[in-house]
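A.B. asks: Contents of upload-v5.txt (compact mmCIF, C-alpha atoms and all ligand atoms) are below:
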```txt
# COMPACT_ATOMS: atom_id res chain seq x y z
CA GLU A 12 0.00 0.00 0.00
CA ILE A 13 1.30 3.44 -0.96
CA LYS A 14 1.30 6.04 1.82
CA ALA A 15 3.91 8.50 0.55
CA CYS A 16 5.36 9.82 -2.71
CA LEU A 17 8.89 11.26 -2.76
CA PHE A 18 9.79 13.46 -5.71
CA ASP A 19 13.11 14.42 -7.20
CA LEU A 20 13.05 18.07 -8.34
CA ASP A 21 15.18 18.66 -11.45
CA GLY A 22 13.79 16.56 -14.31
CA VAL A 23 10.65 15.43 -12.49
CA ILE A 24 8.85 18.57 -11.24
CA VAL A 25 10.75 21.27 -13.19
CA ASP A 26 13.30 21.33 -15.99
CA THR A 27 16.17 23.15 -14.33
CA ALA A 28 18.71 20.99 -16.22
CA LYS A 29 18.73 23.62 -18.99
CA TYR A 30 19.86 26.33 -16.54
CA HIS A 31 22.48 24.06 -14.97
CA PHE A 32 23.72 23.38 -18.53
CA ILE A 33 24.00 27.04 -19.55
CA ALA A 34 25.81 27.92 -16.32
CA TRP A 35 28.27 24.98 -16.61
CA ARG A 36 28.88 25.74 -20.30
CA GLU A 37 29.72 29.37 -19.46
CA LEU A 38 32.17 28.17 -16.84
CA ALA A 39 33.81 25.77 -19.32
CA GLU A 40 34.10 28.63 -21.81
CA THR A 41 35.94 30.81 -19.31
CA LEU A 42 38.27 27.85 -18.68
CA GLY A 43 38.88 27.49 -22.41
CA PHE A 44 37.07 24.32 -23.45
CA GLU A 45 33.75 23.22 -24.90
CA PHE A 46 31.00 21.59 -22.83
CA THR A 47 28.17 19.98 -24.83
CA GLU A 48 24.57 19.09 -24.06
CA GLN A 49 25.60 15.45 -24.23
CA ASP A 50 28.30 16.10 -21.59
CA ASN A 51 25.58 17.68 -19.45
CA GLU A 52 23.69 14.36 -19.28
CA ARG A 53 26.43 13.12 -16.95
CA LEU A 54 25.63 15.88 -14.43
CA LYS A 55 21.93 15.12 -13.94
CA GLY A 56 21.14 14.25 -10.33
CA VAL A 57 24.83 14.64 -9.41
CA SER A 58 25.87 17.09 -6.66
CA ARG A 59 27.48 20.45 -7.48
CA ALA A 60 30.98 19.42 -6.35
CA ALA A 61 30.84 16.08 -8.19
CA SER A 62 29.50 17.87 -11.29
CA LEU A 63 32.51 20.21 -11.26
CA ASP A 64 34.88 17.24 -11.03
CA ILE A 65 33.24 15.70 -14.13
CA LEU A 66 33.43 19.02 -15.98
CA LEU A 67 37.12 19.46 -15.15
CA GLU A 68 37.82 15.89 -16.25
CA ILE A 69 36.16 16.66 -19.61
CA GLY A 70 38.38 19.76 -19.93
CA GLY A 71 41.46 17.80 -18.86
CA LEU A 72 42.11 20.14 -15.94
CA SER A 73 43.27 19.31 -12.44
CA LEU A 74 42.85 22.09 -9.88
CA ASP A 75 43.31 22.45 -6.13
CA GLU A 76 40.39 22.52 -3.67
CA ALA A 77 40.41 26.31 -3.17
CA GLU A 78 40.24 26.92 -6.91
CA LYS A 79 37.45 24.32 -7.26
CA ALA A 80 35.43 25.98 -4.49
CA ARG A 81 35.77 29.32 -6.29
CA LEU A 82 34.60 27.84 -9.62
CA ALA A 83 31.66 26.02 -8.03
CA GLU A 84 30.57 29.33 -6.50
CA GLN A 85 31.00 31.14 -9.82
CA LYS A 86 28.77 28.56 -11.56
CA ASN A 87 26.19 28.67 -8.80
CA ASN A 88 25.97 32.48 -8.93
CA ARG A 89 25.06 32.26 -12.62
CA TYR A 90 22.58 29.43 -11.99
CA VAL A 91 20.90 31.43 -9.20
CA GLU A 92 20.45 34.35 -11.62
CA TYR A 93 18.53 32.05 -13.99
CA ILE A 94 16.29 30.40 -11.39
CA ALA A 95 15.46 33.79 -9.86
CA LYS A 96 13.37 34.41 -13.00
CA MET A 97 11.43 31.12 -12.84
CA ASP A 98 7.66 31.03 -12.35
CA SER A 99 4.82 28.49 -12.40
CA SER A 100 4.93 28.25 -16.21
CA GLU A 101 8.07 26.12 -15.81
CA ILE A 102 6.38 23.33 -13.86
CA LEU A 103 6.62 20.17 -16.01
CA PRO A 104 3.38 18.81 -17.58
CA GLY A 105 1.26 16.78 -15.16
CA ALA A 106 3.39 17.56 -12.10
CA LEU A 107 1.12 20.05 -10.31
CA ASP A 108 -1.97 17.93 -10.95
CA PHE A 109 -0.23 14.82 -9.62
CA LEU A 110 0.85 16.63 -6.44
CA LYS A 111 -2.72 17.84 -5.87
CA LYS A 112 -4.14 14.35 -6.44
CA CYS A 113 -1.71 12.89 -3.90
CA ARG A 114 -2.98 15.30 -1.27
CA GLU A 115 -6.64 14.57 -2.16
CA SER A 116 -5.97 10.83 -1.90
CA GLY A 117 -4.36 11.10 1.54
CA ILE A 118 -0.87 10.30 0.23
CA LYS A 119 1.93 12.24 1.91
CA VAL A 120 4.34 14.18 -0.32
CA ALA A 121 8.06 14.88 0.12
CA LEU A 122 10.83 16.40 -1.96
CA GLY A 123 14.11 14.49 -2.26
CA SER A 124 16.53 16.66 -4.24
CA ALA A 125 20.31 16.98 -4.40
CA SER A 126 20.00 20.71 -5.02
CA LYS A 127 20.95 23.34 -2.45
CA ASN A 128 18.72 25.75 -4.39
CA ALA A 129 15.53 23.68 -4.10
CA MET A 130 13.70 26.14 -1.80
CA THR A 131 14.22 29.04 -4.25
CA ILE A 132 12.81 26.93 -7.09
CA LEU A 133 9.80 25.70 -5.09
CA ASN A 134 9.01 29.21 -3.83
CA ASN A 135 9.34 30.83 -7.28
CA THR A 136 7.09 28.23 -8.92
CA GLY A 137 4.55 28.35 -6.07
CA LEU A 138 4.98 24.65 -5.25
CA THR A 139 6.14 24.86 -1.61
CA PRO A 140 2.63 24.41 -0.11
CA TYR A 141 2.19 21.05 -1.89
CA PHE A 142 4.97 19.37 0.09
CA ASP A 143 4.61 17.90 3.59
CA ALA A 144 8.40 17.57 3.91
CA ILE A 145 11.31 19.02 1.95
CA ILE A 146 14.70 17.32 1.94
CA ASP A 147 17.35 18.90 -0.28
CA GLY A 148 21.12 19.26 -0.65
CA THR A 149 21.30 21.43 2.47
CA HIS A 150 20.10 18.49 4.63
CA THR A 151 22.19 15.63 3.24
CA SER A 152 25.77 14.50 3.66
CA ALA A 153 25.81 11.74 1.04
CA ALA A 154 24.75 12.08 -2.60
CA LYS A 155 22.49 9.72 -4.58
CA PRO A 156 22.88 6.71 -5.17
CA ASP A 157 23.20 6.85 -1.38
CA PRO A 158 19.63 6.42 -0.01
CA GLU A 159 20.05 9.16 2.64
CA VAL A 160 17.88 11.83 0.97
CA PHE A 161 14.90 9.47 0.61
CA LEU A 162 15.30 7.87 4.04
CA LEU A 163 15.27 11.36 5.61
CA GLY A 164 12.12 12.12 3.60
CA ALA A 165 10.33 8.99 4.80
CA GLN A 166 11.39 9.76 8.37
CA ALA A 167 10.09 13.33 8.15
CA LEU A 168 6.73 11.97 6.91
CA ALA A 169 6.72 9.16 9.51
CA VAL A 170 6.08 6.57 6.76
CA SER A 171 8.13 3.37 6.53
CA PRO A 172 10.14 2.83 3.30
CA GLU A 173 8.01 -0.08 2.04
CA HIS A 174 5.04 2.31 1.79
CA CYS A 175 7.02 4.92 -0.19
CA VAL A 176 7.36 5.47 -3.96
CA VAL A 177 10.19 7.57 -5.40
CA PHE A 178 9.83 9.53 -8.67
CA GLU A 179 13.21 10.04 -10.35
CA ASP A 180 14.70 11.00 -13.72
CA ALA A 181 18.26 9.89 -12.92
CA GLU A 182 19.68 6.38 -12.75
CA ALA A 183 21.50 7.23 -9.49
CA GLY A 184 18.16 8.31 -8.00
CA ILE A 185 16.44 5.03 -8.88
CA LEU A 186 19.35 3.15 -7.30
CA ALA A 187 19.02 5.34 -4.18
CA ALA A 188 15.31 4.45 -3.96
CA THR A 189 16.04 0.72 -4.25
CA ARG A 190 18.74 0.97 -1.57
CA ALA A 191 16.24 2.79 0.67
CA GLY A 192 13.86 -0.19 0.28
CA MET A 193 11.34 1.89 -1.68
CA ARG A 194 9.46 1.37 -4.94
CA SER A 195 10.31 3.66 -7.86
CA VAL A 196 8.82 5.32 -10.92
CA GLY A 197 11.32 6.42 -13.55
CA ILE A 198 10.45 9.65 -15.36
CA GLY A 199 12.06 9.47 -18.80
CA SER A 200 13.24 6.66 -21.02
CA PRO A 201 13.34 2.91 -20.18
CA ALA A 202 16.77 2.80 -21.83
CA THR A 203 18.35 4.67 -18.90
CA LEU A 204 15.81 3.96 -16.14
CA GLY A 205 15.37 0.22 -16.64
CA ALA A 206 16.02 -0.43 -12.94
CA ALA A 207 12.79 1.38 -11.93
CA ASN A 208 9.60 -0.60 -11.19
CA ILE A 209 7.68 1.49 -13.74
CA VAL A 210 8.91 4.00 -16.35
CA VAL A 211 6.73 6.77 -17.83
CA PRO A 212 7.73 9.71 -20.08
CA SER A 213 6.32 12.31 -17.63
CA LEU A 214 3.94 12.68 -14.68
CA GLN A 215 1.23 13.33 -17.25
CA GLN A 216 1.25 9.63 -18.21
CA ILE A 217 0.45 8.21 -14.76
CA SER A 218 -2.44 8.77 -12.35
CA VAL A 219 -2.57 8.26 -8.60
CA THR A 220 -5.16 5.50 -9.21
CA GLU A 221 -2.77 3.68 -11.59
CA LEU A 222 0.06 4.13 -9.12
CA ARG A 223 -2.01 2.55 -6.33
CA GLU A 224 -2.97 -0.38 -8.61
CA SER A 225 0.63 -0.98 -9.67
CA PHE A 226 1.86 -1.08 -6.07
CA ALA A 227 -1.19 -2.66 -4.42
CA THR A 228 0.84 -5.34 -2.64
P1 LIG B 301 22.75 22.72 -6.85
P2 LIG B 301 17.83 16.93 -8.42
C1 LIG B 301 20.21 18.06 -8.95
O1 LIG B 301 18.83 18.19 -8.71
C2 LIG B 301 20.49 18.32 -10.42
O2 LIG B 301 19.92 17.30 -11.23
C3 LIG B 301 21.99 18.35 -10.65
O3 LIG B 301 22.27 18.63 -12.00
C4 LIG B 301 22.64 19.40 -9.73
O4 LIG B 301 24.04 19.42 -9.90
C5 LIG B 301 22.28 19.07 -8.28
O5 LIG B 301 20.86 19.04 -8.14
C6 LIG B 301 22.86 20.10 -7.30
O6 LIG B 301 22.24 21.34 -7.51
O7 LIG B 301 24.02 23.12 -7.55
O8 LIG B 301 21.59 23.67 -7.10
O9 LIG B 301 22.96 22.45 -5.38
O10 LIG B 301 17.68 16.21 -9.74
O11 LIG B 301 18.44 16.07 -7.34
O12 LIG B 301 16.57 17.62 -7.97
MG MG B 302 16.69 14.83 -11.18
```
Can you give me the file's structure in the form of structure tokens?
Ligand code: B16
Ligand code: MG

C.D. replies:
Amino acid sequence: EIKACLFDLDGVIVDTAKYHFIAWRELAETLGFEFTEQDNERLKGVSRAASLDILLEIGGLSLDEAEKARLAEQKNNRYVEYIAKMDSSEILPGALDFLKKCRESGIKVALGSASKNAMTILNNTGLTPYFDAIIDGTHTSAAKPDPEVFLLGAQALAVSPEHCVVFEDAEAGILAATRAGMRSVGIGSPATLGAANIVVPSLQQISVTELRESFAT
């Protein structure tokens, strides 16, 4: 029986990947190399520090910790400028309706995001009131595929993991859900999210009723 839904943010509720991409690409440019949209795929669901390490590896650069901290901050400042302009029009299709239906059906709702900017995004899109608990990159010490973010979410909702479903667009997030002992719905393509219990292209293609039927046992 499903008692709680835990949602990833980037790629599930909003498409902030495009802003991460522009900000990382600008940083790569200032460092003198090219960073492509395909390269950006490797950063989805990955923490800021780990993303920078991947970017520097692509550029063939090795820098000390102080320099890396400065670059991560530089990228984040640009990213924050982009998300400051976000509004409800950037909520992904089906997401708001699904969140509302969860509430109506008595299913608890939590956010489980790696982002340290999650609160800004939720506030700017007007989504904060739809969450019973919000766990983001400011609350966690280990990144997905570590289950920490989802276990903290379940704890905050007082629901045990076997009654939780995680919605994720990243492979590492699906793995984190499995390690947390939770069911998972992949948002995207079965080619990358094959480890999820169910895969749908977006939240528009699944209803709360279908979710309950799929995870009835
Ligand atoms: P920040 P999610 C993740 O969000 C993004 O997918 C990933 O690209 C980003 O590096 C990470 O958040 C950290 O974000 O730099 O804002 O702290 O998919 O876990 O909601
Ligand atoms: Mg994501």

A.B. asks: Could you tell me which of A:Gly164, A:Ile209, A:Pro158, A:Leu42 comes closest to A:Ala188 if we count only C-alpha atoms?

C.D. replies: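 Of A:Gly164, A:Ile209, A:Pro158, A:Leu42, the one nearest A:Ala188, counting only C-alpha atoms, is A:Pro158.
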
A.B. asks: Between atom CA of A:Ile69 and atom CA of A:Glu52, what distance in Å does the model show, to one decimal?

C.D. replies: 12.7 Å

A.B. asks: In terms of the shortest atom-to-atom distance over all atoms listed in the file, which of A:Arg223, A:Lys29, A:Arg114, A:Arg194 is closest to ligand MG 302 (chain B)?

C.D. replies: A:Lys29

A.B. asks: Taking every listed atom of ligand LIG 301 (chain B) and adding 4 Å to each side, what centre and edge lengths in Å (one decimal) does the axis-aligned box have, as AutoDock Vina command-line options?

C.D. replies:
```
--center_x 20.3 --center_y 19.9 --center_z -8.7 --size_x 15.5 --size_y 15.6 --size_z 14.6
```

A.B. asks: Can you tell me how far atom CA of A:Glu37 sits from atom CA of A:Glu84, in Å to one decimal?

C.D. replies: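 Separation of atom CA of A:Glu37 and atom CA of A:Glu84: 13.0 Å.
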
A.B. asks: List as number ranges by chain the protein and nucleic acid residues lying within 10 Å of ligand MG 302 (chain B), with all atoms listed in the file counted.

C.D. replies: A: 18-28, 54-57, 123-126, 178-184, 198
